[in-house]
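Undergrad: coords_32.txt is reproduced in full below (compact mmCIF, C-alpha atoms).
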# COMPACT_ATOMS: atom_id res chain seq x y z
CA MET A 14 0.00 0.00 0.00
CA ARG A 15 2.61 2.44 -1.10
CA ASP A 16 -0.09 4.58 -2.88
CA LYS A 17 -2.28 4.89 0.22
CA PHE A 18 -1.92 8.66 0.24
CA TRP A 19 -2.99 9.07 -3.37
CA ILE A 20 -5.86 6.58 -3.20
CA LEU A 21 -7.41 7.92 0.01
CA GLY A 22 -6.69 11.50 -0.97
CA GLY A 23 -8.30 10.96 -4.37
CA LEU A 24 -11.35 9.32 -2.81
CA LEU A 25 -11.75 12.20 -0.36
CA LEU A 26 -11.43 14.72 -3.17
CA PHE A 27 -14.03 12.85 -5.21
CA VAL A 28 -16.52 12.69 -2.34
CA GLY A 29 -15.90 16.35 -1.64
CA VAL A 30 -16.50 17.43 -5.22
CA ALA A 31 -19.51 15.14 -5.66
CA THR A 32 -21.22 16.57 -2.59
CA LEU A 33 -20.22 20.15 -3.36
CA PRO A 34 -23.83 21.35 -3.88
CA THR A 35 -24.70 20.15 -0.38
CA TRP A 36 -21.75 22.00 1.19
CA ARG A 37 -22.59 25.10 -0.76
CA ASP A 38 -26.18 25.04 0.49
CA TRP A 39 -24.95 24.42 4.04
CA GLU A 40 -22.55 27.30 3.83
CA THR A 41 -25.09 29.77 2.41
CA HIS A 42 -27.87 28.48 4.72
CA ALA A 43 -29.98 27.84 1.64
CA ASN A 44 -33.42 26.41 2.21
CA THR A 45 -33.60 23.16 0.29
CA ARG A 46 -37.07 22.14 1.33
CA PRO A 47 -39.77 22.34 -1.33
CA PRO A 48 -41.79 25.54 -1.10
CA ALA A 49 -44.87 25.25 1.07
CA LEU A 50 -47.43 26.44 -1.45
CA VAL A 51 -50.38 28.35 -0.13
CA LEU A 52 -53.57 26.89 -1.53
CA PRO A 53 -56.34 29.28 -2.48
CA ALA A 54 -58.64 29.98 0.44
CA HIS A 55 -61.90 30.44 -1.43
CA ALA A 56 -61.72 27.37 -3.68
CA LYS A 57 -61.70 23.81 -2.45
CA GLN A 58 -61.15 22.03 -5.74
CA CYS A 59 -58.98 22.59 -8.79
CA VAL A 60 -60.13 21.78 -12.33
CA ALA A 61 -58.65 18.28 -11.90
CA PRO A 62 -57.50 16.16 -8.95
CA LEU A 63 -54.29 17.21 -7.20
CA ASP A 64 -52.17 14.30 -8.44
CA PHE A 65 -53.11 14.97 -12.02
CA MET A 66 -52.46 18.69 -11.74
CA ARG A 67 -49.08 18.11 -10.10
CA GLY A 68 -47.87 15.83 -12.84
CA SER A 69 -49.75 16.97 -15.91
CA HIS A 70 -50.76 20.61 -15.58
CA MET A 71 -48.55 21.43 -18.55
CA GLN A 72 -50.34 18.88 -20.73
CA LEU A 73 -53.71 20.20 -19.59
CA LEU A 74 -52.67 23.74 -20.52
CA LEU A 75 -51.47 22.60 -23.94
CA ASP A 76 -54.78 20.77 -24.53
CA TRP A 77 -56.71 23.86 -23.49
CA ARG A 78 -54.66 26.01 -25.82
CA GLN A 79 -55.24 23.68 -28.74
CA SER A 80 -58.97 23.37 -28.26
CA ALA A 81 -59.70 26.98 -27.28
CA VAL A 82 -57.63 28.65 -29.99
CA ARG A 83 -57.74 26.20 -32.84
CA GLU A 84 -61.01 24.37 -32.29
CA ASN A 85 -63.08 27.29 -31.01
CA ASN A 86 -64.14 25.37 -27.93
CA PRO A 87 -63.57 27.68 -24.97
CA THR A 88 -65.31 25.75 -22.18
CA TYR A 89 -63.75 22.94 -20.15
CA VAL A 90 -65.95 20.36 -18.48
CA ALA A 91 -64.11 19.11 -15.41
CA TYR A 92 -64.21 15.56 -14.07
CA ASP A 93 -66.89 16.56 -11.56
CA GLY A 94 -69.11 18.12 -14.22
CA LYS A 95 -68.25 21.74 -13.42
CA THR A 96 -67.41 24.00 -16.34
CA TYR A 97 -64.53 26.44 -16.59
CA PRO A 98 -63.27 28.81 -19.29
CA LYS A 99 -60.12 27.33 -20.85
CA SER A 100 -58.07 30.30 -19.81
CA LEU A 101 -54.80 30.60 -17.95
CA THR A 102 -55.70 34.08 -16.74
CA LYS A 103 -59.43 33.72 -16.16
CA THR A 104 -59.38 30.26 -14.59
CA CYS A 105 -55.96 29.37 -13.13
CA LEU A 106 -55.00 32.84 -12.00
CA SER A 107 -58.42 33.60 -10.56
CA CYS A 108 -57.40 31.30 -7.66
CA HIS A 109 -53.62 31.01 -7.86
CA ASP A 110 -51.12 33.83 -7.71
CA LYS A 111 -48.45 33.53 -10.37
CA ARG A 112 -45.54 34.57 -8.19
CA GLU A 113 -46.68 32.73 -5.05
CA PHE A 114 -47.76 29.57 -6.83
CA CYS A 115 -46.33 29.00 -10.32
CA ASP A 116 -43.00 30.73 -9.97
CA ARG A 117 -41.94 29.31 -6.61
CA CYS A 118 -42.26 25.71 -7.72
CA HIS A 119 -40.74 26.34 -11.12
CA ASP A 120 -37.79 28.02 -9.41
CA TYR A 121 -37.38 25.20 -6.91
CA VAL A 122 -37.25 22.41 -9.51
CA GLY A 123 -35.22 24.56 -11.90
CA ALA A 124 -37.88 24.45 -14.60
CA ARG A 125 -37.28 27.68 -16.45
CA THR A 126 -40.33 29.94 -16.39
CA PRO A 127 -42.24 29.00 -19.53
CA TYR A 128 -42.76 31.76 -22.08
CA CYS A 129 -46.55 31.77 -21.50
CA TRP A 130 -45.99 35.05 -19.70
CA ASN A 131 -44.46 36.81 -22.67
CA CYS A 132 -48.04 37.26 -23.85
CA HIS A 133 -50.46 36.15 -21.15
CA VAL A 134 -50.92 38.86 -18.58
CA ASP A 135 -50.57 38.22 -14.86
CA PRO A 136 -53.65 40.01 -13.47
CA ALA A 137 -51.68 40.93 -10.35
CA LEU A 138 -49.60 43.28 -12.52
CA GLY A 139 -52.61 45.48 -13.18
CA LYS A 140 -53.27 45.92 -9.47
CA GLY A 141 -50.21 48.06 -9.06
CA ALA A 142 -47.95 45.22 -7.94
CA ALA A 143 -44.30 45.45 -8.84
CA ARG A 144 -43.50 43.77 -12.12
CA MET B 8 -56.05 -14.02 -84.93
CA LYS B 9 -52.58 -13.42 -83.70
CA ILE B 10 -51.76 -10.47 -81.43
CA THR B 11 -48.26 -9.08 -81.01
CA ARG B 12 -46.82 -8.21 -77.64
CA LYS B 13 -46.85 -4.51 -78.57
CA GLU B 14 -50.52 -4.59 -79.53
CA PHE B 15 -51.40 -6.44 -76.32
CA LEU B 16 -49.77 -3.73 -74.21
CA LYS B 17 -51.52 -0.97 -76.17
CA LEU B 18 -54.91 -2.61 -75.78
CA SER B 19 -54.55 -3.27 -72.05
CA GLY B 20 -53.40 0.37 -71.50
CA ALA B 21 -56.45 1.68 -73.35
CA GLY B 22 -58.64 -0.65 -71.31
CA LEU B 23 -57.25 0.67 -68.04
CA VAL B 24 -57.87 4.28 -69.13
CA LEU B 25 -61.45 3.40 -70.04
CA VAL B 26 -62.14 1.73 -66.70
CA PHE B 27 -60.36 4.06 -64.27
CA GLY B 28 -59.68 7.22 -66.30
CA GLY B 29 -63.09 8.79 -65.82
CA ARG B 30 -62.87 8.60 -62.05
CA GLU B 31 -59.37 10.08 -61.93
CA LEU B 32 -60.29 12.91 -64.28
CA ALA B 33 -63.31 13.78 -62.15
CA ALA B 34 -61.09 13.89 -59.04
CA LEU B 35 -58.63 16.18 -60.82
CA ASP B 36 -61.46 18.47 -61.79
CA ARG B 37 -62.69 18.70 -58.21
CA ALA B 38 -59.19 19.47 -56.95
CA ALA B 39 -58.79 22.27 -59.50
CA GLY B 40 -62.12 23.76 -58.44
CA ALA B 41 -60.96 23.83 -54.82
CA THR B 42 -57.69 25.59 -55.68
CA PHE B 43 -58.81 28.45 -57.88
CA PRO B 44 -60.82 31.43 -56.73
CA GLY B 45 -64.41 31.20 -57.80
CA GLY B 46 -64.09 27.43 -57.94
CA ALA B 47 -66.38 24.91 -56.35
CA LYS B 48 -64.93 25.24 -52.83
CA PRO B 49 -67.88 25.33 -50.44
CA ARG B 50 -68.31 28.49 -48.40
CA PRO B 51 -68.17 28.08 -44.64
CA ARG B 52 -71.45 27.32 -42.91
CA LYS B 53 -71.51 30.81 -41.50
CA GLN B 54 -69.58 33.78 -42.77
CA TRP B 55 -69.27 36.71 -40.43
CA ALA B 56 -69.21 39.94 -42.37
CA MET B 57 -69.32 43.66 -41.62
CA ILE B 58 -70.96 46.58 -43.35
CA VAL B 59 -69.38 49.98 -42.76
CA ASP B 60 -71.96 52.68 -43.41
CA THR B 61 -69.70 55.47 -44.67
CA ALA B 62 -72.44 58.12 -44.47
CA LYS B 63 -73.19 57.38 -40.83
CA CYS B 64 -69.47 57.17 -40.06
CA ALA B 65 -68.88 60.60 -41.66
CA LYS B 66 -71.39 62.18 -39.27
CA GLU B 67 -68.74 62.13 -36.55
CA PRO B 68 -65.58 63.53 -38.14
CA GLY B 69 -62.48 62.73 -36.15
CA CYS B 70 -64.19 59.97 -34.18
CA THR B 71 -61.92 57.05 -33.29
CA ARG B 72 -64.16 55.25 -30.81
CA CYS B 73 -64.10 51.94 -32.69
CA ILE B 74 -60.31 52.01 -32.79
CA GLU B 75 -60.01 52.89 -29.12
CA ALA B 76 -62.41 50.10 -28.11
CA CYS B 77 -60.42 47.58 -30.14
CA ASP B 78 -57.09 48.79 -28.79
CA ALA B 79 -58.30 48.49 -25.20
CA ALA B 80 -59.91 45.08 -25.68
CA HIS B 81 -56.93 43.54 -27.43
CA ASN B 82 -53.94 45.17 -25.76
CA ILE B 83 -52.79 46.97 -28.86
CA PRO B 84 -49.75 49.07 -27.98
CA ALA B 85 -49.52 52.73 -28.87
CA ILE B 86 -46.13 52.75 -30.58
CA PRO B 87 -45.28 56.24 -31.82
CA ASP B 88 -42.84 55.02 -34.49
CA LYS B 89 -44.95 54.53 -37.66
CA ALA B 90 -42.64 51.75 -38.84
CA HIS B 91 -43.40 49.67 -35.76
CA GLU B 92 -47.08 50.49 -35.43
CA ILE B 93 -49.63 47.74 -34.64
CA GLN B 94 -53.08 48.14 -36.19
CA TRP B 95 -56.19 45.95 -36.15
CA ILE B 96 -58.75 48.57 -37.17
CA TRP B 97 -57.64 52.00 -38.27
CA ASN B 98 -58.67 54.94 -40.42
CA GLU B 99 -57.47 55.59 -43.96
CA PRO B 100 -58.49 58.38 -46.35
CA ALA B 101 -61.13 57.39 -48.90
CA ASP B 102 -58.70 57.49 -51.82
CA VAL B 103 -56.50 54.96 -50.07
CA VAL B 104 -59.36 52.67 -49.08
CA PHE B 105 -60.80 52.56 -52.59
CA ASP B 106 -58.93 52.51 -55.87
CA GLU B 107 -57.94 56.07 -56.63
CA SER B 108 -59.37 55.90 -60.13
CA ASP B 109 -62.85 55.57 -58.61
CA VAL B 110 -62.50 58.71 -56.55
CA GLN B 111 -60.31 60.95 -58.70
CA TYR B 112 -63.01 63.63 -59.24
CA LEU B 113 -64.10 63.72 -55.64
CA ASP B 114 -63.64 66.91 -53.66
CA ALA B 115 -60.38 66.94 -51.79
CA ALA B 116 -62.39 66.96 -48.56
CA ARG B 117 -64.32 63.83 -49.51
CA ARG B 118 -61.14 62.15 -50.67
CA ASP B 119 -59.58 62.71 -47.30
CA GLU B 120 -62.64 61.41 -45.49
CA GLN B 121 -61.47 58.90 -42.93
CA ILE B 122 -62.88 55.41 -43.40
CA PRO B 123 -62.18 52.54 -41.00
CA VAL B 124 -60.35 49.56 -42.47
CA LEU B 125 -59.59 46.17 -40.95
CA CYS B 126 -58.92 42.58 -41.94
CA ASN B 127 -61.42 41.57 -44.64
CA HIS B 128 -61.76 37.94 -43.49
CA CYS B 129 -61.61 36.95 -47.14
CA ASP B 130 -63.35 33.97 -48.73
CA GLN B 131 -60.01 33.00 -50.30
CA PRO B 132 -57.48 34.49 -47.89
CA PRO B 133 -54.04 34.74 -49.53
CA CYS B 134 -52.39 35.03 -46.10
CA VAL B 135 -53.66 31.55 -45.22
CA ARG B 136 -52.29 30.03 -48.41
CA VAL B 137 -48.77 31.21 -47.69
CA CYS B 138 -48.55 30.58 -43.93
CA PRO B 139 -46.01 27.76 -43.48
CA THR B 140 -47.02 26.81 -39.94
CA GLY B 141 -50.81 26.95 -39.97
CA ALA B 142 -50.68 29.88 -37.56
CA THR B 143 -53.41 31.58 -39.57
CA TRP B 144 -56.37 29.75 -41.05
CA LYS B 145 -59.94 30.24 -42.19
CA ARG B 146 -62.43 28.80 -39.71
CA GLU B 147 -64.90 26.46 -41.31
CA GLU B 148 -67.62 27.14 -38.80
CA ASP B 149 -67.86 30.91 -39.22
CA GLY B 150 -65.38 32.09 -41.84
CA ILE B 151 -63.17 34.10 -39.46
CA VAL B 152 -59.55 34.27 -40.62
CA MET B 153 -58.08 33.32 -37.27
CA MET B 154 -54.62 33.68 -35.76
CA ASP B 155 -52.77 31.36 -33.41
CA TRP B 156 -49.92 33.40 -31.99
CA HIS B 157 -48.49 30.29 -30.36
CA ARG B 158 -47.62 28.99 -33.81
CA CYS B 159 -46.52 32.17 -35.58
CA ILE B 160 -42.80 32.09 -36.33
CA GLY B 161 -42.72 35.66 -37.61
CA CYS B 162 -41.75 34.90 -41.21
CA ARG B 163 -44.13 37.67 -42.44
CA TYR B 164 -45.16 35.79 -45.62
CA CYS B 165 -48.78 36.60 -44.70
CA MET B 166 -47.96 40.30 -44.60
CA ALA B 167 -46.50 40.11 -48.08
CA ALA B 168 -49.54 38.19 -49.30
CA CYS B 169 -52.26 40.40 -47.81
CA PRO B 170 -53.32 42.98 -50.41
CA TYR B 171 -54.95 45.15 -47.73
CA GLY B 172 -52.01 45.63 -45.39
CA ALA B 173 -54.19 44.33 -42.59
CA ARG B 174 -51.34 42.66 -40.71
CA SER B 175 -48.77 44.14 -38.36
CA PHE B 176 -45.48 42.72 -37.14
CA ASN B 177 -44.13 43.12 -33.64
CA TRP B 178 -40.73 44.64 -34.31
CA VAL B 179 -40.43 45.66 -30.67
CA ASP B 180 -41.75 44.22 -27.42
CA PRO B 181 -45.32 45.55 -27.24
CA ARG B 182 -45.39 45.31 -23.44
CA ALA B 183 -43.17 48.35 -23.22
CA TYR B 184 -45.95 50.43 -24.81
CA LEU B 185 -48.85 49.11 -22.75
CA ALA B 186 -49.41 50.96 -19.51
CA ASN B 187 -52.14 48.69 -18.16
CA PRO B 188 -52.65 45.51 -20.15
CA ASN B 189 -56.09 43.95 -20.04
CA PRO B 190 -55.56 40.54 -18.40
CA ASP B 191 -58.55 39.03 -20.20
CA PHE B 192 -56.69 39.11 -23.50
CA PRO B 193 -53.06 38.22 -24.12
CA THR B 194 -50.59 40.78 -25.35
CA ARG B 195 -48.37 39.65 -28.18
CA THR B 196 -44.65 39.20 -28.05
CA LEU B 197 -41.66 40.25 -30.08
CA GLY B 198 -41.54 38.66 -33.53
CA VAL B 199 -45.14 37.62 -34.20
CA VAL B 200 -47.64 38.93 -36.72
CA GLU B 201 -51.07 40.06 -35.60
CA LYS B 202 -54.32 41.32 -37.05
CA CYS B 203 -58.05 41.66 -36.39
CA THR B 204 -59.71 38.37 -35.39
CA PHE B 205 -63.26 39.70 -35.73
CA CYS B 206 -63.35 39.54 -31.92
CA SER B 207 -63.54 35.74 -32.00
CA GLU B 208 -63.36 35.74 -28.18
CA ARG B 209 -66.48 37.92 -27.94
CA VAL B 210 -68.36 36.30 -30.82
CA VAL B 211 -68.04 32.86 -29.24
CA ALA B 212 -69.67 34.31 -26.12
CA GLY B 213 -72.53 35.70 -28.21
CA LYS B 214 -71.34 39.31 -28.09
CA LEU B 215 -70.76 41.77 -30.92
CA PRO B 216 -67.22 42.82 -31.85
CA ALA B 217 -65.85 45.62 -29.67
CA CYS B 218 -65.71 48.14 -32.54
CA VAL B 219 -69.33 47.50 -33.51
CA GLU B 220 -70.47 47.97 -29.94
CA ALA B 221 -68.48 51.16 -29.47
CA CYS B 222 -69.67 53.02 -32.57
CA PRO B 223 -71.89 55.94 -31.45
CA GLU B 224 -73.53 56.22 -34.90
CA LYS B 225 -74.15 52.48 -35.30
CA ALA B 226 -72.21 52.73 -38.55
CA LEU B 227 -70.80 49.22 -38.25
CA LEU B 228 -73.12 46.29 -38.82
CA PHE B 229 -71.97 42.74 -38.07
CA GLY B 230 -73.69 39.54 -39.11
CA ASP B 231 -73.79 36.31 -41.05
CA VAL B 232 -73.74 37.01 -44.77
CA ASN B 233 -74.64 33.38 -45.56
CA ASP B 234 -77.95 33.72 -43.74
CA PRO B 235 -80.49 35.17 -46.22
CA HIS B 236 -82.58 36.54 -43.36
CA SER B 237 -79.79 38.34 -41.50
CA GLU B 238 -79.74 42.09 -41.03
CA VAL B 239 -76.53 42.23 -43.03
CA ARG B 240 -78.21 40.60 -46.01
CA GLU B 241 -81.18 42.92 -45.64
CA VAL B 242 -78.92 45.96 -45.95
CA LEU B 243 -76.95 44.37 -48.79
CA SER B 244 -80.15 43.64 -50.69
CA GLU B 245 -81.13 47.30 -50.84
CA SER B 246 -77.91 49.33 -50.93
CA TYR B 247 -74.94 49.91 -53.15
CA VAL B 248 -71.79 48.69 -51.51
CA LEU B 249 -68.10 48.62 -52.34
CA ARG B 250 -65.53 46.08 -51.30
CA ARG B 251 -61.80 46.70 -51.35
CA LYS B 252 -59.98 45.27 -54.37
CA PRO B 253 -62.63 42.70 -55.29
CA GLU B 254 -60.84 42.21 -58.63
CA LEU B 255 -58.13 40.23 -56.84
CA GLY B 256 -60.58 37.41 -56.17
CA THR B 257 -59.94 37.29 -52.43
CA GLY B 258 -63.65 37.70 -51.69
CA PRO B 259 -63.44 40.32 -48.92
CA ASN B 260 -66.21 40.26 -46.32
CA ILE B 261 -66.08 43.89 -45.26
CA TYR B 262 -68.63 45.90 -47.25
CA TYR B 263 -68.66 49.70 -47.48
CA ARG B 264 -72.13 51.18 -47.93
CA ILE B 265 -71.88 54.30 -50.06
Reformat the file's structure so that it appears as structure tokens.
TA:
Amino acid sequence: MRDKFWILGGLLLFVGVATLPTWRDWETHANTRPPALVLPAHAKQCVAPLDFMRGSHMQLLLDWRQSAVRENNPTYVAYDGKTYPKSLTKTCLSCHDKREFCDRCHDYVGARTPYCWNCHVDPALGKGAAR
Amino acid sequence: MKITRKEFLKLSGAGLVLVFGGRELAALDRAAGATFPGGAKPRPRKQWAMIVDTAKCAKEPGCTRCIEACDAAHNIPAIPDKAHEIQWIWNEPADVVFDESDVQYLDAARRDEQIPVLCNHCDQPPCVRVCPTGATWKREEDGIVMMDWHRCIGCRYCMAACPYGARSFNWVDPRAYLANPNPDFPTRTLGVVEKCTFCSERVVAGKLPACVEACPEKALLFGDVNDPHSEVREVLSESYVLRRKPELGTGPNIYYRI
């Protein structure tokens, strides 16, 4: 075991580098827990069950876009028979706040903010909130 | 009787043409009819159209209420630079709206009379034929020439094709020129083409287009030109109307009552 120094040293270096993100978070006291999202107070139920929305909200939005814009079918009938306008602003954002809800999760998982917002207007902007 | 190989091939070829040729020719004929203006292409079930009553409109010189209503409803930015301007409905002098040869002896004042112009929602829209992505299309259910800004790649072929100049391109970010965007309608983004959609979002909810509703003189009339009992058809049956550049065969659906 003449190379003990190099082998152990190399292993240590590897473990150090591999766990660097953890050390960095520890050093900067970063909060690595998922954001505790505040659910809307005045609505008990989303347009689809929670599990579906968590995993497939993007697919739902794409389907809405396709059928509202291209097929002239602006009303969504939810699984429980309720109807909603197929609209990001009028339906989703009437309960959820973009910055408190969409952005925090997208930031946490590192999913770049989709370019929906280049055109679709966050209604909170109109109420004098900072941009 | 002996038949040579050459004769056999000739005869069987002629036989094939006799049996199948008629059907193929008929199909070709149908396809040609669908491609050329004035051909046998069926009109949409409904065709929204608009009649601009120029006499009523002229009663309020300088009025821009229809334009303002449209701008507010659709987040149309007020860009001062004429080269970057976005327009869905706007005013043009009479000699620009109609071929100048038709108005050459008009008084200068009448020639400069401002007449609203917008997308003509043509029967044979040239913009639709050239769009490479299907971002603009003619709706079969009501004849609106619709836009899907999600699909527009900003190539501007449609702008080159439109003989009415009804389309605008976003050369700059329109958000910078919108103080308070209306959240009920999206703004557009840098690099897409836009135009009047005949207020498809209001029409689907059973409302009239914003410009029609805002006109104080009721100079704009909106309705289904395919319905023989509609108000639009009633007016068209008893008045002289002009359409812009009908000679191009685009079949514009904006009528100007003279």
Undergrad: Would you tabulate, counting all atoms listed in the file, all residues of chain A that have an atom at most 8 Å from an atom of chain B, showing the closest pair of atoms and their distance in Å to one decimal, sorted by chain then ascending number, as a Markdown table?
TA:
| residue | atom | partner | partner_atom | distance |
| --- | --- | --- | --- | --- |
| A:Val82 | CA | B:Asp155 | CA | 6.5 |
| A:Arg83 | CA | B:Asp155 | CA | 7.2 |
| A:Asn85 | CA | B:Val211 | CA | 7.7 |
| A:Thr102 | CA | B:Pro190 | CA | 6.7 |
| A:Lys103 | CA | B:Asp191 | CA | 6.7 |
| A:Asn131 | CA | B:Thr196 | CA | 5.9 |
| A:Cys132 | CA | B:Thr194 | CA | 4.6 |
| A:His133 | CA | B:Pro193 | CA | 4.5 |
| A:Val134 | CA | B:Pro190 | CA | 4.9 |
| A:Asp135 | CA | B:Pro190 | CA | 6.5 |
| A:Pro136 | CA | B:Pro190 | CA | 5.3 |
| A:Gly139 | CA | B:Asn187 | CA | 5.9 |
Undergrad: Which residues, written as a PyMOL selection string, have at least one atom at most 8 Å from range 104-121 of chain A, with only C-alpha atoms counted and residues fewer than 5 positions away on the same chain left out?
TA: chain A and resi 47-48+50-53+55-56+97-99+126+135-137
Undergrad: Can you report as lines of an AutoDock Vina configuration file the centre and edge lengths in Å, to one decimal, of an axis-aligned box around the listed atoms of range 185-196 of chain B padded with 4 Å on each side?
TA:
center_x = -51.6
center_y = 44.6
center_z = -23.2
size_x = 21.9
size_y = 20.7
size_z = 18.0
Undergrad: Grab the CA of Asp106 in chain B to CA of Pro253 in chain B distance for me, in Å with one decimal place.
TA: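 Between CA of Asp106 in chain B and CA of Pro253 in chain B the gap works out to 10.5 Å.
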Undergrad: Taking into account all atoms listed in the file, which residue in the set B:Val24, B:Ile265, B:Gly150, B:Pro139 is nearest to Ala65 in chain B?
TA: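 The answer is B:Ile265, which sits nearest to Ala65 in chain B.
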Undergrad: Could you name the residues that touch Ile151 in chain B at 7 Å or less, counting only C-alpha atoms, but leaving out those on the same chain fewer than 2 positions away, as a PyMOL selection string?
TA: chain B and resi 55+128+145-146+149+153+204-205
Undergrad: As an exercise, work out the distance from CA of Lys95 in chain A to CA of Glu147 in chain B in Å and give it to one decimal place.
TA: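 Between CA of Lys95 in chain A and CA of Glu147 in chain B the gap is 28.5 Å.
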Undergrad: Please, what distance in Å, to one decimal, runs between CA of Val137 in chain B and CA of Val200 in chain B?
TA: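 So the two atoms, CA of Val137 in chain B and CA of Val200 in chain B, lie 13.5 Å apart.
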Undergrad: List the neighbours of Val110 in chain B out to 12 Å using all atoms listed in the file; skip same-chain residues closer than 5 positions along the sequence, and give me the result as a list in words.
TA: Pro100, Ala101, Asp102, Val103, Val104, Phe105, Ala115, Ala116, Arg117, Arg118, Asp119 and Glu120 of chain B
Undergrad: Kindly export the residues of the current selection with C-alpha atoms, as a CSV table (one decimal), keeping the file's coordinate frame.
TA:
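Result written to again_30.csv:
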chain,number,residue,atom,x,y,z
B,100,PRO,CA,-58.5,58.4,-46.4
B,101,ALA,CA,-61.1,57.4,-48.9
B,102,ASP,CA,-58.7,57.5,-51.8
B,103,VAL,CA,-56.5,55.0,-50.1
B,104,VAL,CA,-59.4,52.7,-49.1
B,105,PHE,CA,-60.8,52.6,-52.6
B,115,ALA,CA,-60.4,66.9,-51.8
B,116,ALA,CA,-62.4,67.0,-48.6
B,117,ARG,CA,-64.3,63.8,-49.5
B,118,ARG,CA,-61.1,62.2,-50.7
B,119,ASP,CA,-59.6,62.7,-47.3
B,120,GLU,CA,-62.6,61.4,-45.5
Undergrad: Pick out the residues sitting within 12 Å of Asp76 in chain A, and hand them over as a short mmCIF file (atom, residue, chain, number, x, y, z; two decimals) with C-alpha atoms, in the frame of the given file; count all atoms listed in the file, and ignore anything fewer than 3 positions along from it in its own chain.
TA:
data_model
loop_
_atom_site.label_atom_id
_atom_site.label_comp_id
_atom_site.auth_asym_id
_atom_site.auth_seq_id
_atom_site.Cartn_x
_atom_site.Cartn_y
_atom_site.Cartn_z
CA SER A 69 -49.75 16.97 -15.91
CA HIS A 70 -50.76 20.61 -15.58
CA MET A 71 -48.55 21.43 -18.55
CA GLN A 72 -50.34 18.88 -20.73
CA LEU A 73 -53.71 20.20 -19.59
CA GLN A 79 -55.24 23.68 -28.74
CA SER A 80 -58.97 23.37 -28.26
CA ALA A 81 -59.70 26.98 -27.28
CA VAL A 82 -57.63 28.65 -29.99
CA ARG A 83 -57.74 26.20 -32.84
CA GLU A 84 -61.01 24.37 -32.29
CA ASN A 86 -64.14 25.37 -27.93
CA PRO A 87 -63.57 27.68 -24.97
CA THR A 88 -65.31 25.75 -22.18
CA TYR A 89 -63.75 22.94 -20.15
CA LYS A 99 -60.12 27.33 -20.85
CA SER A 100 -58.07 30.30 -19.81
CA LEU A 101 -54.80 30.60 -17.95
#
Undergrad: Using only C-alpha atoms, which residues sit within 8 Å of Leu228 in chain B once same-chain residues fewer than 4 positions away are excluded, as JSON, numbers by chain?
TA: {"B": [57, 58, 59, 60, 219, 239]}
Undergrad: So that I can look at just that part, could you write range 47-66 of chain B with C-alpha atoms, as a short mmCIF file (atom, residue, chain, number, x, y, z; two decimals), in the first residue's frame?
TA:
data_model
loop_
_atom_site.label_atom_id
_atom_site.label_comp_id
_atom_site.auth_asym_id
_atom_site.auth_seq_id
_atom_site.Cartn_x
_atom_site.Cartn_y
_atom_site.Cartn_z
CA ALA B 47 -66.38 24.91 -56.35
CA LYS B 48 -64.93 25.24 -52.83
CA PRO B 49 -67.88 25.33 -50.44
CA ARG B 50 -68.31 28.49 -48.40
CA PRO B 51 -68.17 28.08 -44.64
CA ARG B 52 -71.45 27.32 -42.91
CA LYS B 53 -71.51 30.81 -41.50
CA GLN B 54 -69.58 33.78 -42.77
CA TRP B 55 -69.27 36.71 -40.43
CA ALA B 56 -69.21 39.94 -42.37
CA MET B 57 -69.32 43.66 -41.62
CA ILE B 58 -70.96 46.58 -43.35
CA VAL B 59 -69.38 49.98 -42.76
CA ASP B 60 -71.96 52.68 -43.41
CA THR B 61 -69.70 55.47 -44.67
CA ALA B 62 -72.44 58.12 -44.47
CA LYS B 63 -73.19 57.38 -40.83
CA CYS B 64 -69.47 57.17 -40.06
CA ALA B 65 -68.88 60.60 -41.66
CA LYS B 66 -71.39 62.18 -39.27
#
